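For reference, upload_29.txt (compact mmCIF, C-alpha atoms and all ligand atoms):
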# COMPACT_ATOMS: atom_id res chain seq x y z
CA MET U 1263 -109.63 -21.22 100.16
CA LYS U 1264 -110.93 -17.75 100.97
CA LYS U 1265 -108.49 -15.45 102.76
CA ILE U 1266 -109.98 -12.89 105.11
CA GLY U 1267 -108.04 -10.06 106.73
CA LEU U 1268 -109.57 -9.19 110.10
CA THR U 1269 -108.47 -5.78 111.27
CA GLY U 1270 -109.38 -3.00 113.65
CA GLY U 1271 -107.51 -0.80 116.07
CA ILE U 1272 -106.05 -1.94 119.36
CA ALA U 1273 -108.63 -3.67 121.58
CA SER U 1274 -111.39 -3.36 118.98
CA GLY U 1275 -112.28 -7.04 119.46
CA LYS U 1276 -110.31 -8.98 116.84
CA SER U 1277 -109.23 -11.83 119.13
CA THR U 1278 -112.75 -12.22 120.47
CA ILE U 1279 -114.06 -12.44 116.89
CA SER U 1280 -111.25 -14.77 115.76
CA LYS U 1281 -112.36 -17.27 118.37
CA ILE U 1282 -115.86 -17.29 116.89
CA LEU U 1283 -114.45 -17.72 113.38
CA ARG U 1284 -112.23 -20.58 114.51
CA ARG U 1285 -115.28 -22.41 115.82
CA LEU U 1286 -116.98 -21.88 112.47
CA GLY U 1287 -114.08 -23.60 110.68
CA ALA U 1288 -111.48 -20.94 109.92
CA ALA U 1289 -107.74 -21.28 110.41
CA ILE U 1290 -106.49 -18.22 112.29
CA ILE U 1291 -103.16 -16.50 111.77
CA ASP U 1292 -102.50 -13.97 114.52
CA ALA U 1293 -100.11 -11.24 113.29
CA ASP U 1294 -99.30 -10.14 116.88
CA LEU U 1295 -98.14 -13.69 117.68
CA GLU U 1296 -96.11 -13.87 114.48
CA ALA U 1297 -94.52 -10.52 115.37
CA LYS U 1298 -93.66 -11.87 118.83
CA ALA U 1299 -91.98 -14.89 117.26
CA THR U 1300 -89.75 -12.69 115.09
CA LEU U 1301 -88.43 -10.94 118.22
CA LYS U 1302 -86.88 -14.09 119.70
CA PRO U 1303 -83.25 -13.80 120.81
CA GLU U 1304 -80.48 -14.35 118.27
CA THR U 1305 -82.78 -14.12 115.23
CA LYS U 1306 -81.90 -11.73 112.39
CA CYS U 1307 -84.76 -9.44 113.44
CA TRP U 1308 -83.58 -9.42 117.06
CA GLU U 1309 -80.06 -8.50 115.92
CA LEU U 1310 -81.34 -5.59 113.82
CA LEU U 1311 -83.48 -4.31 116.71
CA VAL U 1312 -80.60 -4.42 119.18
CA LYS U 1313 -78.44 -2.58 116.64
CA GLU U 1314 -81.11 0.10 116.18
CA PHE U 1315 -82.38 0.55 119.77
CA GLY U 1316 -79.37 -0.59 121.82
CA ARG U 1317 -78.87 -3.32 124.43
CA GLY U 1318 -80.97 -1.27 126.84
CA ILE U 1319 -84.09 -2.94 125.34
CA LEU U 1320 -82.90 -6.36 126.53
CA LYS U 1321 -83.73 -8.21 129.72
CA PRO U 1322 -80.91 -10.04 131.53
CA ASP U 1323 -81.81 -13.23 129.63
CA ASN U 1324 -81.39 -11.39 126.28
CA THR U 1325 -85.09 -11.40 125.42
CA ILE U 1326 -86.52 -8.10 124.28
CA ASP U 1327 -88.28 -6.18 127.05
CA ARG U 1328 -91.53 -5.49 125.22
CA LYS U 1329 -92.75 -2.91 127.74
CA LYS U 1330 -89.53 -0.94 127.34
CA LEU U 1331 -89.58 -1.10 123.57
CA GLY U 1332 -93.26 -0.13 123.57
CA ASN U 1333 -92.51 2.91 125.69
CA ILE U 1334 -89.71 3.92 123.31
CA VAL U 1335 -91.79 3.72 120.12
CA PHE U 1336 -95.42 4.54 120.90
CA GLY U 1337 -95.90 8.29 120.68
CA LYS U 1338 -92.64 8.77 118.75
CA PRO U 1339 -93.37 8.38 115.02
CA GLU U 1340 -89.72 8.29 113.90
CA LYS U 1341 -88.85 5.45 116.28
CA LEU U 1342 -92.03 3.56 115.46
CA LYS U 1343 -91.25 3.85 111.76
CA LYS U 1344 -87.81 2.32 112.37
CA LEU U 1345 -89.33 -0.55 114.38
CA ASN U 1346 -91.92 -1.23 111.69
CA GLU U 1347 -89.33 -1.17 108.91
CA ILE U 1348 -87.30 -3.79 110.74
CA VAL U 1349 -90.06 -6.12 111.97
CA HIS U 1350 -92.75 -6.10 109.26
CA PRO U 1351 -90.82 -7.82 106.44
CA PHE U 1352 -90.07 -10.75 108.79
CA VAL U 1353 -93.70 -10.91 109.91
CA LYS U 1354 -94.88 -10.87 106.30
CA GLU U 1355 -92.62 -13.79 105.42
CA ARG U 1356 -93.98 -15.83 108.34
CA ILE U 1357 -97.58 -15.03 107.39
CA LYS U 1358 -97.06 -16.02 103.76
CA ASN U 1359 -95.49 -19.33 104.82
CA LYS U 1360 -98.32 -20.08 107.22
CA MET U 1361 -100.94 -19.31 104.58
CA ALA U 1362 -99.26 -21.65 102.12
CA GLU U 1363 -99.08 -24.39 104.76
CA ILE U 1364 -102.77 -24.09 105.64
CA GLU U 1365 -103.78 -24.11 101.97
CA THR U 1366 -101.70 -27.21 101.30
CA LYS U 1367 -103.29 -29.07 104.21
CA GLY U 1368 -106.73 -28.04 102.92
CA LYS U 1369 -108.50 -28.76 106.20
CA HIS U 1370 -110.15 -25.38 106.73
CA LYS U 1371 -112.96 -23.45 105.12
CA ALA U 1372 -111.15 -20.13 105.21
CA ILE U 1373 -107.98 -18.44 106.45
CA VAL U 1374 -108.40 -15.46 108.76
CA LEU U 1375 -105.44 -13.13 109.18
CA ASP U 1376 -106.00 -11.25 112.46
CA ALA U 1377 -103.82 -8.15 112.08
CA PRO U 1378 -104.20 -4.76 113.79
CA LEU U 1379 -101.99 -3.17 111.13
CA LEU U 1380 -103.39 -5.01 108.11
CA ILE U 1381 -103.67 -1.84 106.03
CA GLU U 1382 -100.64 0.04 107.41
CA THR U 1383 -98.36 -2.91 106.55
CA GLY U 1384 -99.89 -3.59 103.13
CA PHE U 1385 -100.81 -7.11 104.32
CA HIS U 1386 -104.29 -6.47 102.93
CA ASN U 1387 -102.76 -7.37 99.57
CA LEU U 1388 -102.37 -10.95 100.85
CA VAL U 1389 -106.14 -11.45 101.39
CA ASP U 1390 -109.40 -11.49 99.38
CA GLU U 1391 -111.56 -9.71 101.95
CA VAL U 1392 -111.00 -7.00 104.58
CA TRP U 1393 -113.31 -7.26 107.58
CA VAL U 1394 -112.99 -4.21 109.82
CA VAL U 1395 -113.96 -4.39 113.49
CA ASP U 1396 -115.32 -0.99 114.37
CA VAL U 1397 -115.64 0.69 117.77
CA ASP U 1398 -115.89 4.36 118.67
CA ARG U 1399 -112.86 6.05 120.18
CA GLU U 1400 -114.08 6.24 123.76
CA THR U 1401 -115.07 2.55 123.84
CA GLN U 1402 -111.62 1.76 122.49
CA VAL U 1403 -109.80 3.91 125.05
CA GLN U 1404 -111.75 2.29 127.88
CA ARG U 1405 -111.10 -1.27 126.64
CA VAL U 1406 -107.36 -0.66 126.16
CA MET U 1407 -106.99 0.90 129.61
CA LYS U 1408 -108.86 -1.95 131.26
CA ARG U 1409 -107.37 -4.90 129.39
CA ASP U 1410 -103.73 -3.69 129.25
CA SER U 1411 -103.71 -1.78 132.55
CA LEU U 1412 -102.51 1.36 130.78
CA SER U 1413 -103.10 5.00 131.65
CA ARG U 1414 -105.42 7.03 129.45
CA GLU U 1415 -102.38 8.77 127.96
CA GLN U 1416 -100.61 5.48 127.12
CA ALA U 1417 -103.79 4.08 125.61
CA ILE U 1418 -104.21 7.16 123.41
CA ALA U 1419 -100.53 7.00 122.31
CA ARG U 1420 -101.13 3.48 121.01
CA ILE U 1421 -104.40 4.36 119.33
CA ASN U 1422 -102.76 7.35 117.64
CA SER U 1423 -99.96 5.10 116.33
CA GLN U 1424 -102.53 3.38 114.13
CA LEU U 1425 -104.64 4.33 111.14
CA PRO U 1426 -107.63 6.52 112.09
CA ARG U 1427 -110.97 4.73 112.24
CA GLU U 1428 -112.43 6.49 109.18
CA GLU U 1429 -109.36 5.68 107.05
CA ARG U 1430 -109.43 1.99 107.94
CA ILE U 1431 -113.09 1.70 107.08
CA LYS U 1432 -112.39 2.84 103.51
CA TYR U 1433 -110.71 -0.53 102.88
CA ALA U 1434 -113.52 -2.64 104.33
CA THR U 1435 -115.39 -5.26 102.34
CA ALA U 1436 -117.39 -5.79 105.58
CA ILE U 1437 -117.74 -3.77 108.79
CA ILE U 1438 -118.36 -5.46 112.14
CA ASP U 1439 -119.87 -3.20 114.78
CA ASN U 1440 -118.38 -4.29 118.12
CA MET U 1441 -119.85 -1.53 120.28
CA GLY U 1442 -122.83 -3.64 121.32
CA THR U 1443 -123.06 -6.91 123.23
CA ARG U 1444 -120.92 -9.95 122.48
CA LYS U 1445 -124.10 -11.74 121.40
CA ASN U 1446 -124.82 -9.06 118.84
CA THR U 1447 -121.29 -9.33 117.47
CA ARG U 1448 -121.54 -13.12 117.25
CA GLU U 1449 -124.71 -12.78 115.18
CA GLN U 1450 -122.96 -10.43 112.75
CA ILE U 1451 -120.08 -12.90 112.36
CA ILE U 1452 -122.36 -15.86 111.73
CA HIS U 1453 -124.20 -13.85 109.09
CA LEU U 1454 -120.93 -12.86 107.38
CA TRP U 1455 -119.69 -16.43 107.48
CA LYS U 1456 -122.87 -17.72 105.88
CA THR U 1457 -122.98 -15.12 103.15
CA LYS U 1458 -119.29 -14.64 102.38
CA VAL U 1459 -117.71 -18.03 103.07
CA GLU U 1460 -120.26 -20.83 103.01
CA ARG U 1461 -122.21 -19.48 100.05
CA GLU U 1462 -119.03 -19.71 98.00
CA ILE U 1463 -118.14 -23.21 99.14
CA ASN U 1464 -121.58 -24.66 98.39
C1 LIG U 1501 -93.61 -2.63 120.47
C2 LIG U 1501 -93.90 -3.98 121.05
C3 LIG U 1501 -92.60 -4.69 121.47
C4 LIG U 1501 -94.80 -3.80 122.31
O1 LIG U 1501 -95.14 -5.05 122.82
P1 LIG U 1501 -96.45 -5.29 123.74
O2 LIG U 1501 -96.32 -6.69 124.27
O3 LIG U 1501 -96.58 -4.16 124.71
O4 LIG U 1501 -97.68 -5.20 122.75
P2 LIG U 1501 -98.30 -6.29 121.73
O5 LIG U 1501 -97.24 -6.77 120.80
O6 LIG U 1501 -99.02 -7.33 122.49
O7 LIG U 1501 -99.29 -5.40 120.86
C5 LIG U 1501 -100.51 -4.93 121.42
C6 LIG U 1501 -101.20 -4.06 120.42
O8 LIG U 1501 -100.43 -2.87 120.18
C7 LIG U 1501 -100.62 -2.44 118.86
N1 LIG U 1501 -99.33 -2.39 118.13
C8 LIG U 1501 -98.31 -3.28 118.16
N2 LIG U 1501 -97.31 -2.91 117.33
C9 LIG U 1501 -97.72 -1.76 116.76
C10 LIG U 1501 -97.13 -0.88 115.81
N3 LIG U 1501 -95.93 -1.16 115.29
N4 LIG U 1501 -97.83 0.23 115.46
C11 LIG U 1501 -99.04 0.50 115.99
N5 LIG U 1501 -99.66 -0.29 116.89
C12 LIG U 1501 -99.00 -1.41 117.26
C13 LIG U 1501 -101.53 -3.50 118.21
O9 LIG U 1501 -102.87 -3.07 118.24
C14 LIG U 1501 -101.35 -4.70 119.07
O10 LIG U 1501 -102.47 -5.57 119.02
C15 LIG U 1501 -94.64 -4.90 120.03
O11 LIG U 1501 -95.94 -4.44 119.86
C16 LIG U 1501 -93.96 -5.02 118.66
O12 LIG U 1501 -92.99 -5.71 118.51
N6 LIG U 1501 -94.53 -4.34 117.64
C17 LIG U 1501 -94.00 -4.39 116.31
C18 LIG U 1501 -94.63 -5.49 115.52
C19 LIG U 1501 -95.97 -5.12 114.97
O13 LIG U 1501 -96.12 -4.17 114.20
N7 LIG U 1501 -96.99 -5.90 115.35
C20 LIG U 1501 -98.33 -5.70 114.91
C21 LIG U 1501 -98.78 -6.77 113.97
S1 LIG U 1501 -98.02 -6.74 112.39
N1 LIG U 1502 -118.68 -6.66 122.52
C1 LIG U 1502 -117.88 -6.49 123.58
N2 LIG U 1502 -118.35 -5.95 124.72
C2 LIG U 1502 -117.55 -5.72 125.79
N3 LIG U 1502 -116.23 -6.03 125.82
C3 LIG U 1502 -115.69 -6.56 124.72
C4 LIG U 1502 -116.47 -6.83 123.54
N4 LIG U 1502 -115.64 -7.36 122.59
C5 LIG U 1502 -114.42 -7.42 123.15
N5 LIG U 1502 -114.44 -6.96 124.43
C6 LIG U 1502 -113.30 -6.83 125.37
O1 LIG U 1502 -112.46 -5.79 124.85
C7 LIG U 1502 -111.08 -6.13 125.00
C8 LIG U 1502 -110.41 -6.13 123.63
O2 LIG U 1502 -110.89 -7.24 122.88
P1 LIG U 1502 -109.87 -8.16 122.06
O3 LIG U 1502 -108.73 -8.57 122.93
O4 LIG U 1502 -110.67 -9.22 121.39
O5 LIG U 1502 -109.36 -7.06 121.01
P2 LIG U 1502 -108.23 -7.13 119.90
O6 LIG U 1502 -108.72 -6.31 118.78
O7 LIG U 1502 -107.87 -8.54 119.62
O8 LIG U 1502 -107.05 -6.39 120.61
P3 LIG U 1502 -105.47 -6.31 120.25
O9 LIG U 1502 -105.31 -6.35 118.79
O10 LIG U 1502 -105.09 -5.03 120.84
O11 LIG U 1502 -104.86 -7.47 120.95
C9 LIG U 1502 -111.04 -7.47 125.71
O12 LIG U 1502 -110.84 -7.23 127.08
C10 LIG U 1502 -112.40 -8.08 125.42
O13 LIG U 1502 -112.79 -8.97 126.42
Will you turn the file into structure tokens for me?
Ligand SMILES: CC(C)(COP(=O)(O)OP(=O)(O)OC[C@H]1O[C@@H](n2cnc3c(N)ncnc32)[C@H](O)[C@@H]1O)[C@@H](O)C(=O)NCCC(=O)NCCS
Ligand SMILES: Nc1ncnc2c1ncn2[C@@H]1O[C@H](COP(=O)(O)OP(=O)(O)OP(=O)(O)O)[C@@H](O)[C@H]1O
Amino acid sequence: MKKIGLTGGIASGKSTISKILRRLGAAIIDADLEAKATLKPETKCWELLVKEFGRGILKPDNTIDRKKLGNIVFGKPEKLKKLNEIVHPFVKERIKNKMAEIETKGKHKAIVLDAPLLIETGFHNLVDEVWVVDVDRETQVQRVMKRDSLSREQAIARINSQLPREERIKYATAIIDNMGTRKNTREQIIHLWKTKVEREIN
């Protein structure tokens, strides 16, 4: 079963594209969701985070206040590095288990790993293909601000916490231009699916 890493910076359009790929027959693993699951109260990862960042990151019900933690780490490379070192090994374990499960079931045509930090985390070593969703910086800033209700400054802090566009593209086995209409993007995905997934199955 072909494994595709789908990456791109924040708000580049990965979730939108994952939905299209799901309809075409792919199983989707969403790294953001897996990361959220590792943060659940009383898990090993949760314990390590509380130890590192203090109980101030907790809500009264002991769940991690994601907004607070985000404000602590984005824009501060040392703190972000600490967070990544704690969370990513747990996320990787979950992803590997999910991949194995999907392969065993054998119901899908491909596995798509939707991961904003595919390259930064080294998760690209878990997949056969790297599809990069590409948007220019201003489009990205505008989409982050709108979707996440963030200020321009907050949006830029997040974008700058990730690999620069030109670096990410170096790893691509396919580039998806998501600066145009949704229809245009869908056509690119269908073409990639036909040439890179179905051609191999048939
Ligand atoms: C810092 C946290 C609590 C902020 O939570 P919040 O709900 O505001 O954001 P959310 O998780 O929905 O992420 C939104 C986007 O931010 C970007 N982002 C998230 N984590 C990181 C990171 N460590 N470095 C750079 N960008 C990141 C991604 O593009 C992501 O799609 C959260 O992002 C987190 O736990 N991050 C660490 C886990 C991680 O690296 N996840 C990315 C997938 S491996
Ligand atoms: N071609 C497009 N034209 C206009 N808006 C788009 C297009 N593609 C996606 N969007 C919008 O841009 C925003 C970001 O898209 P999406 O949530 O799919 O990105 P993402 O890469 O999954 O983001 P993240 O990893 O940060 O969660 C959404 O509000 C989405 O509706």
List every residue of chain U that has an atom at most 6 Å from any atom of ligand LIG 1501 (chain U), and for each one report the closest atom pair and its distance in Å to one decimal, counting only C-alpha atoms and all ligand atoms, with rows sorted by chain and then by increasing residue number, as JSON lines.
{"residue": "U:Gly1271", "atom": "CA", "partner": "U:LIG1501", "partner_atom": "O9", "distance": 5.6}
{"residue": "U:Ile1272", "atom": "CA", "partner": "U:LIG1501", "partner_atom": "O9", "distance": 3.6}
{"residue": "U:Ala1293", "atom": "CA", "partner": "U:LIG1501", "partner_atom": "C21", "distance": 4.7}
{"residue": "U:Asp1294", "atom": "CA", "partner": "U:LIG1501", "partner_atom": "C21", "distance": 4.5}
{"residue": "U:Ala1297", "atom": "CA", "partner": "U:LIG1501", "partner_atom": "C18", "distance": 5.0}
{"residue": "U:Arg1328", "atom": "CA", "partner": "U:LIG1501", "partner_atom": "C3", "distance": 4.0}
{"residue": "U:Lys1329", "atom": "CA", "partner": "U:LIG1501", "partner_atom": "O3", "distance": 5.0}
{"residue": "U:Leu1331", "atom": "CA", "partner": "U:LIG1501", "partner_atom": "C3", "distance": 5.1}
{"residue": "U:Gly1332", "atom": "CA", "partner": "U:LIG1501", "partner_atom": "C1", "distance": 4.0}
{"residue": "U:Asn1346", "atom": "CA", "partner": "U:LIG1501", "partner_atom": "N3", "distance": 5.4}
{"residue": "U:Val1349", "atom": "CA", "partner": "U:LIG1501", "partner_atom": "C18", "distance": 5.8}
{"residue": "U:Ala1377", "atom": "CA", "partner": "U:LIG1501", "partner_atom": "C21", "distance": 5.6}
{"residue": "U:Pro1378", "atom": "CA", "partner": "U:LIG1501", "partner_atom": "O9", "distance": 4.9}
{"residue": "U:Leu1379", "atom": "CA", "partner": "U:LIG1501", "partner_atom": "S1", "distance": 5.5}
{"residue": "U:Arg1420", "atom": "CA", "partner": "U:LIG1501", "partner_atom": "N5", "distance": 5.8}
{"residue": "U:Ser1423", "atom": "CA", "partner": "U:LIG1501", "partner_atom": "C11", "distance": 4.7}
{"residue": "U:Gln1424", "atom": "CA", "partner": "U:LIG1501", "partner_atom": "C11", "distance": 4.9}
**Message:** Counting only C-alpha atoms and all ligand atoms, which residue out of U:Arg1414, U:Lys1456, U:Lys1265, U:Lys1281 sits closest to ligand LIG 1502 (chain U)?
**Reply:** U:Lys1281
**Request:** Within 8 Å of ligand LIG 1502 (chain U), which residues show up when you count all atoms listed in the file? List them as a PyMOL selection string, please.
**Result:** chain U and resi 1269-1280+1294+1376-1378+1395+1402+1405-1406+1408-1409+1440-1447
**Request:** Measuring atom to atom with all atoms listed in the file, identify which of U:Gln1416, U:Thr1300, U:Asn1324, U:Thr1401 is nearest to Arg1356 of chain U.
**Result:**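 Of the candidates, the smallest distance to Arg1356 of chain U is held by U:Thr1300.
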**Request:** Considering only C-alpha atoms, state which residue in the set U:Ile1348, U:Ile1326, U:Leu1375, U:Cys1307 is at the smallest distance from Ile1266 of chain U.
**Result:**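 The answer is U:Leu1375, which sits nearest to Ile1266 of chain U.
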**Message:** What does the structure give for the distance between atom CA of Glu1391 of chain U and atom CA of Phe1352 of chain U, in Å to one decimal?
**Reply:** 22.6 Å
**Request:** To one decimal in Å, tell me the separation between atom CA of Leu1286 of chain U and atom CA of Glu1365 of chain U.
**Result:**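 Interatomic distance, atom CA of Leu1286 of chain U to atom CA of Glu1365 of chain U: 17.0 Å.
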**Prompt:** From the list U:Leu1388, U:Leu1295, U:Leu1342, U:Arg1284, which residue is nearest Ala1362 of chain U when using only C-alpha atoms?
**Reply:** U:Leu1388
**Message:** So that I can check the surroundings of Gly1384 of chain U, please list as JSON, numbers by chain every protein, DNA and RNA residue that reaches within 12 Å of it, counting all atoms listed in the file and ignoring chain neighbours fewer than 2 positions away.
**Reply:** {"U": [1267, 1346, 1350, 1351, 1353, 1354, 1377, 1378, 1379, 1380, 1381, 1382, 1386, 1387, 1388, 1389, 1392, 1433]}
**Message:** Here's a test: counting all atoms listed in the file, identify every protein, DNA and RNA residue with an atom at most 6 Å from (-103.8, -0.2, 125.9) in the file's coordinate frame, and state them as a list in words.
**Reply:**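 Collected hits near the coordinates: Val1406, Met1407, Asp1410, Leu1412 and Ala1417 of chain U.
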Any chance you could export the current selection's C-alpha atoms as a short mmCIF file (atom, residue, chain, number, x, y, z; two decimals), keeping the file's coordinate frame?
data_model
loop_
_atom_site.label_atom_id
_atom_site.label_comp_id
_atom_site.auth_asym_id
_atom_site.auth_seq_id
_atom_site.Cartn_x
_atom_site.Cartn_y
_atom_site.Cartn_z
CA VAL U 1406 -107.36 -0.66 126.16
CA MET U 1407 -106.99 0.90 129.61
CA ASP U 1410 -103.73 -3.69 129.25
CA LEU U 1412 -102.51 1.36 130.78
CA ALA U 1417 -103.79 4.08 125.61
#
**Atom-to-atom span, atom CA of Glu1347 of chain U and atom CA of Gln1404 of chain U, Å** = 29.6 Å
**Message:** What's around segment 1308-1311 of chain U at 10 Å? Count only C-alpha atoms, leave out sequence neighbours fewer than 2 positions away in its own chain, and write the answer as a VMD selection string.
**Reply:** chain U and resid 1300 to 1306 1313 to 1317 1319 to 1320 1324 to 1326 1331 1344 to 1345 1348 to 1349
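The smallest atom-to-atom distance between Lys1432 of chain U and any of U:Ala1372, U:Leu1283, U:Leu1454, U:Val1394, using only C-alpha atoms, is found for U:Val1394.
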**Residue list as a list in words for point (-109.8, -21.7, 99.3), cut-off 9 Å, all atoms listed in the file** = Met1263, Lys1264, Lys1265, Glu1365, Gly1368, His1370, Lys1371, Ala1372, Ile1373 and Ile1463 of chain U
**Request:** Counting only C-alpha atoms, figure out which residue out of U:Phe1336, U:Asp1396, U:Ala1289, U:Asp1323 gets nearest to Met1361 of chain U.
**Result:** U:Ala1289
